[in-house]
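Shown next: upload_36.cif, given as mmCIF, C-alpha atoms (C1' of nucleotides).
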```cif
data_input
#
loop_
_atom_site.label_atom_id
_atom_site.label_comp_id
_atom_site.auth_asym_id
_atom_site.auth_seq_id
_atom_site.Cartn_x
_atom_site.Cartn_y
_atom_site.Cartn_z
CA MET N 563 45.21 -161.52 -7.58
CA PRO N 564 47.13 -158.48 -6.66
CA GLU N 565 49.42 -159.09 -3.73
CA LEU N 566 52.53 -157.08 -2.89
CA PRO N 567 54.61 -157.98 -5.99
CA GLU N 568 51.73 -157.23 -8.35
CA VAL N 569 51.03 -153.90 -6.67
CA GLU N 570 54.74 -153.04 -6.86
CA SER N 571 54.50 -153.71 -10.59
CA PHE N 572 51.44 -151.47 -10.87
CA LYS N 573 53.41 -148.78 -9.07
CA LYS N 574 56.23 -148.96 -11.61
CA TYR N 575 53.68 -148.96 -14.41
CA PHE N 576 51.94 -145.93 -12.95
CA ASP N 577 55.28 -144.12 -12.53
CA LYS N 578 56.25 -144.81 -16.11
CA THR N 579 52.93 -143.80 -17.64
CA SER N 580 51.07 -141.38 -15.44
CA LEU N 581 53.46 -139.31 -13.35
CA ASN N 582 53.64 -135.64 -14.36
CA GLN N 583 50.43 -135.95 -16.33
CA THR N 584 47.74 -133.38 -15.76
CA ILE N 585 44.33 -134.82 -15.01
CA LYS N 586 41.66 -133.47 -17.31
CA GLN N 587 38.67 -135.52 -16.32
CA VAL N 588 37.65 -138.51 -14.19
CA ASP N 589 34.73 -140.88 -14.67
CA VAL N 590 33.34 -143.36 -12.18
CA SER N 591 31.40 -146.00 -14.07
CA HIS N 592 30.43 -148.11 -11.06
CA PRO N 593 29.91 -146.90 -7.48
CA ASN N 594 30.97 -150.25 -5.99
CA ILE N 595 34.63 -149.41 -6.44
CA LEU N 596 34.35 -146.35 -4.24
CA GLY N 597 35.66 -146.79 -0.71
CA LYS N 598 34.91 -143.94 1.64
CA VAL N 599 35.25 -141.38 -1.12
CA THR N 600 32.30 -140.08 -3.10
CA GLU N 601 32.29 -139.47 -6.82
CA GLN N 602 31.68 -135.77 -6.14
CA GLU N 603 34.84 -135.62 -4.05
CA LEU N 604 36.90 -137.26 -6.79
CA GLN N 605 35.46 -134.79 -9.28
CA ARG N 606 36.41 -131.95 -6.97
CA ARG N 607 39.93 -133.10 -6.06
CA LEU N 608 41.42 -134.56 -9.22
CA PRO N 609 40.82 -132.53 -12.39
CA GLY N 610 43.47 -129.89 -13.02
CA HIS N 611 46.02 -131.61 -10.82
CA VAL N 612 49.22 -133.47 -11.65
CA PHE N 613 50.42 -136.82 -10.24
CA GLU N 614 53.76 -136.21 -8.59
CA GLU N 615 54.68 -139.19 -6.47
CA THR N 616 53.68 -142.76 -5.65
CA LYS N 617 54.16 -145.03 -2.68
CA ARG N 618 53.15 -148.56 -1.86
CA HIS N 619 52.30 -150.13 1.47
CA GLY N 620 51.30 -153.77 1.42
CA LYS N 621 48.69 -154.17 -1.29
CA TYR N 622 47.83 -150.47 -1.44
CA LEU N 623 49.09 -148.02 -4.05
CA PHE N 624 49.19 -144.36 -3.05
CA THR N 625 49.43 -141.69 -5.71
CA ARG N 626 49.95 -138.08 -4.67
CA MET N 627 48.87 -135.09 -6.66
CA ASP N 628 50.30 -131.59 -6.54
CA SER N 629 48.00 -130.89 -3.66
CA LYS N 630 47.74 -132.49 -0.27
CA TRP N 631 45.65 -135.32 -1.66
CA TRP N 632 46.55 -138.92 -2.31
CA LEU N 633 44.44 -141.10 -4.56
CA ILE N 634 44.64 -144.62 -3.16
CA PHE N 635 44.15 -147.81 -5.17
CA HIS N 636 43.34 -151.19 -3.73
CA PHE N 637 43.00 -153.90 -6.34
CA GLY N 638 40.96 -156.57 -4.65
CA MET N 639 41.16 -159.89 -6.44
CA THR N 640 40.96 -158.80 -10.04
CA GLY N 641 41.94 -155.14 -10.26
CA SER N 642 44.61 -153.74 -12.57
CA LEU N 643 45.77 -150.54 -14.25
CA VAL N 644 45.75 -150.01 -17.98
CA PHE N 645 47.29 -146.97 -19.64
CA THR N 646 46.49 -146.30 -23.25
CA GLU N 647 46.27 -143.52 -25.80
CA LYS N 648 43.33 -145.06 -27.59
CA HIS N 649 39.86 -145.02 -26.11
CA SER N 650 39.06 -148.16 -28.08
CA GLU N 651 41.73 -150.07 -26.16
CA LEU N 652 40.20 -149.48 -22.74
CA PRO N 653 39.46 -152.72 -20.90
CA SER N 654 35.84 -153.79 -20.81
CA HIS N 655 35.66 -153.65 -17.02
CA THR N 656 36.96 -150.14 -16.61
CA ARG N 657 35.29 -148.92 -13.42
CA PHE N 658 37.23 -145.68 -13.07
CA LEU N 659 38.80 -143.70 -15.85
CA ILE N 660 41.27 -140.84 -15.74
CA THR N 661 41.61 -138.77 -18.89
CA PHE N 662 44.78 -136.69 -19.07
CA ASP N 663 45.31 -133.38 -20.84
CA SER N 664 47.66 -135.28 -23.14
CA GLY N 665 44.68 -137.25 -24.45
CA SER N 666 45.79 -140.53 -22.94
CA PHE N 667 43.88 -142.60 -20.40
CA LEU N 668 44.52 -144.49 -17.20
CA ALA N 669 41.87 -147.11 -16.51
CA PHE N 670 41.20 -148.86 -13.22
CA ASN N 671 40.02 -152.20 -14.54
CA CYS N 672 38.22 -154.25 -11.93
CA PRO N 673 35.91 -157.05 -13.13
CA ARG N 674 34.78 -158.31 -9.73
CA MET N 675 34.68 -154.89 -8.15
CA PHE N 676 36.40 -156.01 -4.97
CA GLY N 677 38.93 -153.23 -5.51
CA LYS N 678 38.44 -149.85 -3.88
CA LEU N 679 39.43 -146.24 -4.46
CA ASN N 680 40.05 -143.84 -1.63
CA LEU N 681 41.26 -140.33 -1.09
CA ALA N 682 43.37 -139.26 1.89
CA ASP N 683 45.50 -136.31 2.88
CA ASP N 684 47.81 -138.40 5.04
CA ILE N 685 49.09 -141.88 4.25
CA ASN N 686 49.98 -142.77 7.80
CA SER N 687 46.50 -141.98 9.09
CA PHE N 688 45.06 -144.12 6.32
CA ILE N 689 47.37 -147.03 7.22
CA LYS N 690 46.47 -146.62 10.87
CA GLY N 691 42.78 -146.56 10.03
CA LYS N 692 43.11 -149.84 8.18
CA LYS N 693 45.29 -151.17 11.01
CA LEU N 694 47.85 -152.38 8.50
CA GLY N 695 51.02 -153.96 9.80
CA HIS N 696 54.53 -153.25 8.55
CA ASP N 697 55.09 -153.60 4.84
CA ALA N 698 56.25 -157.17 4.24
CA LEU N 699 59.00 -156.11 1.86
CA THR N 700 60.61 -153.41 3.97
CA VAL N 701 60.13 -154.77 7.49
CA ASP N 702 63.43 -155.53 9.25
CA PHE N 703 64.08 -158.80 11.05
CA THR N 704 63.87 -157.39 14.57
CA THR N 705 60.47 -155.85 13.90
CA PHE N 706 59.41 -159.04 12.14
CA LYS N 707 60.20 -161.11 15.24
CA THR N 708 58.50 -158.64 17.56
CA SER N 709 55.35 -158.59 15.44
CA LEU N 710 55.08 -162.37 15.62
CA LYS N 711 55.78 -162.71 19.33
CA THR N 712 52.22 -162.21 20.50
CA ARG N 713 50.52 -164.03 17.66
CA ARG N 714 48.75 -167.36 17.84
CA GLY N 715 47.31 -169.67 15.23
CA ALA N 716 48.30 -171.30 11.96
CA ILE N 717 51.46 -169.85 10.49
CA LYS N 718 49.79 -169.25 7.14
CA SER N 719 46.90 -167.32 8.69
CA VAL N 720 49.37 -165.10 10.51
CA LEU N 721 51.31 -164.42 7.33
CA MET N 722 48.14 -163.50 5.45
CA ASN N 723 46.89 -161.25 8.22
CA GLN N 724 47.37 -157.72 6.88
CA GLN N 725 47.44 -156.38 10.41
CA VAL N 726 50.60 -158.35 11.14
CA PHE N 727 52.44 -157.73 7.87
CA ALA N 728 50.90 -156.00 4.90
CA GLY N 729 51.32 -157.42 1.44
CA VAL N 730 51.30 -161.22 1.57
CA GLY N 731 48.14 -162.90 0.32
CA ASN N 732 47.07 -166.45 -0.33
CA ILE N 733 49.39 -167.23 -3.25
CA TYR N 734 52.64 -165.94 -1.82
CA ALA N 735 51.83 -167.29 1.62
CA ASP N 736 51.68 -170.77 0.08
CA GLU N 737 54.96 -170.17 -1.70
CA ILE N 738 56.69 -169.02 1.48
CA MET N 739 55.41 -172.02 3.43
CA TYR N 740 56.65 -174.32 0.71
CA GLN N 741 60.07 -172.70 0.46
CA ILE N 742 60.67 -173.08 4.19
CA GLY N 743 59.33 -176.63 4.12
CA VAL N 744 56.78 -176.11 6.86
CA HIS N 745 53.19 -177.32 6.92
CA PRO N 746 50.85 -174.30 6.61
CA THR N 747 48.78 -175.24 9.66
CA THR N 748 51.83 -175.28 11.95
CA PRO N 749 51.08 -173.16 15.03
CA ILE N 750 53.31 -170.09 14.82
CA GLN N 751 54.34 -170.40 18.45
CA THR N 752 56.02 -173.75 17.83
CA LEU N 753 58.58 -172.25 15.46
CA ASN N 754 62.06 -171.81 16.87
CA PRO N 755 64.28 -168.75 16.23
CA LYS N 756 66.02 -170.54 13.39
CA HIS N 757 62.69 -171.14 11.65
CA LEU N 758 61.73 -167.50 12.10
CA LYS N 759 64.97 -166.26 10.56
CA GLN N 760 64.47 -168.65 7.68
CA MET N 761 60.89 -167.54 7.23
CA TYR N 762 61.97 -163.90 7.16
CA ASP N 763 64.71 -164.55 4.61
CA VAL N 764 62.42 -166.62 2.41
CA MET N 765 59.64 -164.02 2.55
CA GLN N 766 62.09 -161.37 1.34
CA GLN N 767 63.49 -163.61 -1.33
CA VAL N 768 60.09 -164.73 -2.67
CA LEU N 769 58.72 -161.19 -2.81
CA LYS N 770 61.86 -159.80 -4.46
CA THR N 771 62.10 -162.61 -6.96
CA SER N 772 58.50 -162.09 -7.94
CA ILE N 773 58.94 -158.33 -8.26
CA ASP N 774 61.95 -158.96 -10.53
CA THR N 775 59.73 -160.93 -12.88
CA GLN N 776 57.10 -158.19 -12.70
CA ALA N 777 54.88 -160.71 -10.99
CA ASN N 778 54.83 -162.87 -14.09
CA PHE N 779 54.30 -166.39 -12.74
CA GLU N 780 55.67 -167.97 -15.91
CA LYS N 781 59.06 -166.43 -15.25
CA LEU N 782 59.42 -167.65 -11.68
CA PRO N 783 62.08 -170.28 -10.89
CA ASN N 784 61.11 -173.92 -11.46
CA SER N 785 61.55 -174.52 -7.76
CA TYR N 786 58.44 -172.43 -7.02
CA ILE N 787 55.01 -173.99 -6.49
CA ILE N 788 52.89 -171.06 -7.64
CA LEU N 789 52.32 -172.69 -11.02
CA GLN N 790 51.62 -176.01 -9.30
CA ARG N 791 48.62 -174.64 -7.42
CA SER N 792 46.08 -176.88 -9.09
CA LYS N 793 44.50 -180.27 -8.79
CA ASN N 794 47.18 -181.87 -10.94
CA GLY N 795 50.08 -179.90 -9.53
CA CYS N 796 53.29 -181.67 -8.52
CA CYS N 797 55.99 -180.79 -6.04
CA PRO N 798 59.05 -179.50 -7.99
CA ARG N 799 61.33 -181.20 -5.49
CA CYS N 800 59.85 -184.67 -4.92
CA SER N 801 57.10 -184.88 -7.56
CA SER N 802 54.41 -185.74 -5.02
CA ASN N 803 50.93 -184.58 -5.89
CA MET N 804 50.16 -181.27 -4.25
CA GLU N 805 47.39 -181.41 -1.67
CA SER N 806 44.86 -178.74 -0.92
CA ILE N 807 43.09 -177.75 2.27
CA LYS N 808 41.28 -174.67 3.51
CA ILE N 809 42.98 -172.31 5.92
CA SER N 810 41.14 -169.18 7.01
CA GLY N 811 38.72 -169.90 4.21
CA ARG N 812 41.40 -169.80 1.53
CA THR N 813 42.49 -172.68 -0.64
CA THR N 814 45.94 -173.76 0.44
CA TYR N 815 48.28 -175.94 -1.62
CA TYR N 816 51.22 -177.76 -0.09
CA CYS N 817 53.43 -180.78 -0.60
CA PRO N 818 52.48 -183.49 1.92
CA ASN N 819 55.98 -184.90 1.73
CA CYS N 820 58.17 -181.80 1.90
CA GLN N 821 56.05 -179.76 4.28
CA GLN N 822 55.70 -181.27 7.73
CA ILE N 823 54.78 -179.86 11.08
CA PRO N 824 58.15 -179.46 12.84
CA SER N 825 58.48 -181.58 15.96
"C1'" DC Y 357 42.73 -162.67 19.95
"C1'" DG Y 358 41.65 -166.45 16.57
"C1'" DT Y 359 38.63 -168.97 13.50
"C1'" DG Y 360 34.79 -170.06 10.64
"C1'" DG Y 361 31.02 -168.53 8.01
"C1'" DC Y 362 29.03 -165.28 5.09
"C1'" DT Y 363 29.01 -161.42 1.91
"C1'" DC Y 364 30.25 -158.25 -1.74
"C1'" DC Y 365 30.69 -159.34 -7.54
"C1'" DT Y 366 31.77 -161.41 -12.33
"C1'" DG Y 367 34.08 -164.71 -15.35
"C1'" DG Y 368 35.92 -169.10 -16.37
"C1'" DC Y 369 36.02 -173.86 -16.09
"C1'" DG Y 370 34.70 -178.77 -15.20
"C1'" DG Y 371 31.03 -181.85 -15.46
"C1'" DC Y 372 26.91 -183.63 -17.21
"C1'" DT X 821 27.14 -177.55 -27.86
"C1'" DG X 822 24.65 -175.68 -23.78
"C1'" DC X 823 23.70 -175.01 -19.30
"C1'" DC X 824 24.68 -175.15 -14.34
"C1'" DG X 825 27.11 -175.06 -10.29
"C1'" DC X 826 31.26 -174.25 -8.34
"C1'" DC X 827 35.33 -171.88 -7.66
"C1'" DA X 828 38.57 -167.85 -7.54
"C1'" DG X 829 44.44 -164.76 -5.72
"C1'" DG X 830 40.77 -159.63 -1.01
"C1'" DA X 831 38.76 -158.05 2.93
"C1'" DG X 832 35.11 -156.61 6.23
"C1'" DC X 833 31.62 -158.10 9.35
"C1'" DC X 834 29.62 -161.02 12.82
"C1'" DA X 835 29.09 -164.84 16.14
"C1'" DC X 836 31.40 -167.96 18.97
#
```
I need this file expressed as structure tokens, please.
Amino acid sequence: MPELPEVESFKKYFDKTSLNQTIKQVDVSHPNILGKVTEQELQRRLPGHVFEETKRHGKYLFTRMDSKWWLIFHFGMTGSLVFTEKHSELPSHTRFLITFDSGSFLAFNCPRMFGKLNLADDINSFIKGKKLGHDALTVDFTTFKTSLKTRRGAIKSVLMNQQVFAGVGNIYADEIMYQIGVHPTTPIQTLNPKHLKQMYDVMQQVLKTSIDTQANFEKLPNSYIILQRSKNGCCPRCSSNMESIKISGRTTYYCPNCQQIPS
DNA sequence: CGTGGCTCCTGGCGGC
DNA sequence: TGCCGCCAGGAGCCAC
């Protein structure tokens, strides 16, 4: 699930629970969650160090220790962080476990193991290596326009492309398309400047609103379609049945009445 | 450069 | 109830 708002929530959670904690021990319980880092390297770089700072770019969470190293979390589809003082409360799909000197734990829970851990000494090099675009929450409108200028294809595909803007995934892309009232297959090049400004504003608003609810879908405004992303979902505005199609291999929900291809 | 297909995994749900 | 197939919110790879 984790898209930008979820990862922002994990960041706040990490800050609240794990900053200034000294790492005592780390355990990798499944190698699939390792990116380019080896278990040996994690064992060498983490114990004895203290988490001092966190940053987020797109769907990545960067946590810096009191050394030059950043531990980097990517959550895939099902990853999350769980902090607890009781070993018995650790989630059943804990793939990576940090034990602190304080006796508490930070678990990287990741049932499907699509999440990845990495270690880097420079965030910008890491972002470059992944070819990530500007962070969708902090990009300014001028940069936003420039980034879209050379792009072709369905507007939703462009929005989900992490190399254009980092942070928007399938769910929030659908929400943004709905809120601007544009059909998700609309070719990006057919949008006029007014559409682009609207898309930028809506992207900011949707991401911020979701962050304010700590990415709790239940607390989103009734005008959002996130909770209507199902076979029986209805458009909050006109009550039409939501339709679903595949775009870039991802299930896309939209209102056939409210979202048209602009002419 | 863009798209479609496939893959990595496990859990949950609808259907029979 | 029990089993099976299908589907899922990420992303990398490859062929076209």
Give as a PDB file with C-alpha atoms, in the frame of the given file every residue of chain N that touches chain Y within 7 Å, counting only C-alpha atoms (C1' of nucleotides).
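That gives us result10.pdb:
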```
ATOM      1  CA  PRO N 673      35.910-157.050 -13.130  1.00  0.00           C
ATOM      2  CA  ARG N 674      34.780-158.310  -9.730  1.00  0.00           C
ATOM      3  CA  MET N 675      34.680-154.890  -8.150  1.00  0.00           C
ATOM      4  CA  GLY N 715      47.310-169.670  15.230  1.00  0.00           C
ATOM      5  CA  SER N 810      41.140-169.180   7.010  1.00  0.00           C
TER       6      SER N 810
END
```
Q | Neighbour list for Lys586 (chain N) as number ranges by chain, cut-off 9 Å, only C-alpha atoms (C1' of nucleotides), skip fewer than 6 positions in-chain | A | N: 608-611, 660-665
Using the selection just defined, write its residues with C-alpha atoms as a compact mmCIF listing (two decimals), in the coordinates of the input.
```txt
# COMPACT_ATOMS: atom_id res chain seq x y z
CA LEU N 608 41.42 -134.56 -9.22
CA PRO N 609 40.82 -132.53 -12.39
CA GLY N 610 43.47 -129.89 -13.02
CA HIS N 611 46.02 -131.61 -10.82
CA ILE N 660 41.27 -140.84 -15.74
CA THR N 661 41.61 -138.77 -18.89
CA PHE N 662 44.78 -136.69 -19.07
CA ASP N 663 45.31 -133.38 -20.84
CA SER N 664 47.66 -135.28 -23.14
CA GLY N 665 44.68 -137.25 -24.45
```
(Q) Calculated over all atoms listed in the file, which of the candidates N:Thr775, N:Thr600, N:Gln724, N:Ser629 has the smallest distance to DG830 (chain X)? (A)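 Closest to DG830 (chain X) of all the choices is N:Gln724.
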(Q) Would you mind listing, as a PyMOL selection string, all residues of chain X that have at least one atom within 12 Å of chain N, where only C-alpha atoms (C1' of nucleotides) are what counts? (A) chain X and resi 827-832
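When the PyMOL selection byres ((chain N and resi 700) around 12) is run on the displayed coordinates, the residues it returns are Leu566, Arg618, His619, Gly620, Gly695, His696, Asp697, Ala698, Leu699, Val701, Asp702, Phe703, Thr704, Thr705, Phe706, Phe727, Ala728, Gly729, Tyr762, Asp763, Met765, Gln766, Gln767, Leu769 and Lys770 of chain N.
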Q. Contacts of His649 (chain N) at 9 Å or less, counting only C-alpha atoms (C1' of nucleotides), minus same-chain residues fewer than 2 places along, as a ChimeraX atom specification?
A. /N:646-647,651-652,666-667
**Q.** 8 Å contact set for Tyr786 (chain N), all atoms listed in the file, chain neighbours under 2 positions out, as a PyMOL selection string
**A.** chain N and resi 737+741+782-784+788-789+798
Export of prior selection with C-alpha atoms as an mmCIF file, in the frame of the given file:
```cif
data_model
loop_
_atom_site.group_PDB
_atom_site.id
_atom_site.type_symbol
_atom_site.label_atom_id
_atom_site.label_comp_id
_atom_site.auth_asym_id
_atom_site.auth_seq_id
_atom_site.Cartn_x
_atom_site.Cartn_y
_atom_site.Cartn_z
ATOM 1 C CA GLU N 737 54.960 -170.170 -1.700
ATOM 2 C CA GLN N 741 60.070 -172.700 0.460
ATOM 3 C CA LEU N 782 59.420 -167.650 -11.680
ATOM 4 C CA PRO N 783 62.080 -170.280 -10.890
ATOM 5 C CA ASN N 784 61.110 -173.920 -11.460
ATOM 6 C CA ILE N 788 52.890 -171.060 -7.640
ATOM 7 C CA LEU N 789 52.320 -172.690 -11.020
ATOM 8 C CA PRO N 798 59.050 -179.500 -7.990
#
```
Q: Around the point (46.6, -142.0, -3.5), in the coordinates given by the file, pick out the residues reaching within 8 Å, counting only C-alpha atoms (C1' of nucleotides), and return them as a list in words.
A: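 Within the cut-off we find Thr616, Leu623, Phe624, Thr625, Arg626, Met627, Trp631, Trp632, Leu633, Ile634, Phe635, Asn680, Leu681 and Ala682 of chain N.
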Do a neighbour search on Val590 (chain N) at 7 Å with only C-alpha atoms (C1' of nucleotides), toss out local chain neighbours closer than 2 positions, and write the hits as a PDB file with C-alpha atoms, in the frame of the given file.
```pdb
ATOM      1  CA  VAL N 588      37.650-138.510 -14.190  1.00  0.00           C
ATOM      2  CA  HIS N 592      30.430-148.110 -11.060  1.00  0.00           C
ATOM      3  CA  PRO N 593      29.910-146.900  -7.480  1.00  0.00           C
ATOM      4  CA  GLU N 601      32.290-139.470  -6.820  1.00  0.00           C
ATOM      5  CA  ARG N 657      35.290-148.920 -13.420  1.00  0.00           C
ATOM      6  CA  PHE N 658      37.230-145.680 -13.070  1.00  0.00           C
ATOM      7  CA  LEU N 659      38.800-143.700 -15.850  1.00  0.00           C
TER       8      LEU N 659
END
```
Q.
Excluding region 815-823 of chain N and its own-chain neighbours fewer than 5 positions away, which residues fall within 8 Å of it when counting all atoms listed in the file? Please give them as a list in words.
A.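 Within the cut-off, the hits are Asp736, Met739, Tyr740, Gly743, Val744, His745, Pro746, Thr747, Thr748, Arg791, Ser792, Cys796, Cys797, Cys800, Ser802, Asn803, Met804, Glu805, Ser806 and Ile807 of chain N.
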**Q.** Pairwise distance for CA of Cys672 (chain N) and CA of Ser642 (chain N), rounded to one decimal in Å
**A.** 6.4 Å
Q) Of the candidates N:Ser591, N:Pro755, N:Gln583, N:Lys598, which one gets nearest to Val612 (chain N) if we count all atoms listed in the file? A) N:Gln583
Q) What is the distance between CA of Asn582 (chain N) and CA of Thr771 (chain N), in Å to one decimal? A) 29.2 Å
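In this structure, C1' of DC833 (chain X) sits 23.8 Å away from CA of Thr712 (chain N).
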Can you complete the atoms of region 790-805 of chain N to N, CA and C atoms and list them as a JSON list (two decimals), keeping the file's coordinate frame?
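Resulting contents of selection.json:
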```json
[["chain", "number", "residue", "atom", "x", "y", "z"],
["N", 790, "GLN", "N", 52.10, -174.66, -9.61],
["N", 790, "GLN", "CA", 51.62, -176.01, -9.30],
["N", 790, "GLN", "C", 50.37, -175.97, -8.43],
["N", 791, "ARG", "N", 49.82, -174.76, -8.26],
["N", 791, "ARG", "CA", 48.62, -174.64, -7.42],
["N", 791, "ARG", "C", 47.39, -175.06, -8.21],
["N", 792, "SER", "N", 47.26, -176.35, -8.41],
["N", 792, "SER", "CA", 46.08, -176.88, -9.09],
["N", 792, "SER", "C", 45.93, -178.35, -8.72],
["N", 793, "LYS", "N", 44.81, -178.89, -9.11],
["N", 793, "LYS", "CA", 44.50, -180.27, -8.79],
["N", 793, "LYS", "C", 45.59, -181.24, -9.24],
["N", 794, "ASN", "N", 46.18, -180.96, -10.40],
["N", 794, "ASN", "CA", 47.18, -181.87, -10.94],
["N", 794, "ASN", "C", 48.61, -181.43, -10.65],
["N", 795, "GLY", "N", 48.75, -180.43, -9.80],
["N", 795, "GLY", "CA", 50.08, -179.90, -9.53],
["N", 795, "GLY", "C", 51.00, -180.91, -8.83],
["N", 796, "CYS", "N", 52.29, -180.79, -9.12],
["N", 796, "CYS", "CA", 53.29, -181.67, -8.52],
["N", 796, "CYS", "C", 54.36, -180.85, -7.81],
["N", 797, "CYS", "N", 54.90, -181.43, -6.77],
["N", 797, "CYS", "CA", 55.99, -180.79, -6.04],
["N", 797, "CYS", "C", 57.24, -180.76, -6.94],
["N", 798, "PRO", "N", 57.85, -179.60, -7.14],
["N", 798, "PRO", "CA", 59.05, -179.50, -7.99],
["N", 798, "PRO", "C", 60.22, -180.30, -7.43],
["N", 799, "ARG", "N", 60.20, -180.55, -6.13],
["N", 799, "ARG", "CA", 61.33, -181.20, -5.49],
["N", 799, "ARG", "C", 61.18, -182.72, -5.48],
["N", 800, "CYS", "N", 60.00, -183.22, -5.08],
["N", 800, "CYS", "CA", 59.85, -184.67, -4.92],
["N", 800, "CYS", "C", 58.77, -185.27, -5.80],
["N", 801, "SER", "N", 58.12, -184.44, -6.60],
["N", 801, "SER", "CA", 57.10, -184.88, -7.56],
["N", 801, "SER", "C", 55.83, -185.44, -6.93],
["N", 802, "SER", "N", 55.68, -185.32, -5.62],
["N", 802, "SER", "CA", 54.41, -185.74, -5.02],
["N", 802, "SER", "C", 53.28, -184.87, -5.56],
["N", 803, "ASN", "N", 52.08, -185.41, -5.53],
["N", 803, "ASN", "CA", 50.93, -184.58, -5.89],
["N", 803, "ASN", "C", 50.70, -183.55, -4.80],
["N", 804, "MET", "N", 50.45, -182.32, -5.22],
["N", 804, "MET", "CA", 50.16, -181.27, -4.25],
["N", 804, "MET", "C", 48.81, -181.59, -3.61],
["N", 805, "GLU", "N", 48.68, -181.24, -2.33],
["N", 805, "GLU", "CA", 47.39, -181.41, -1.67],
["N", 805, "GLU", "C", 46.80, -180.05, -1.37]]
```
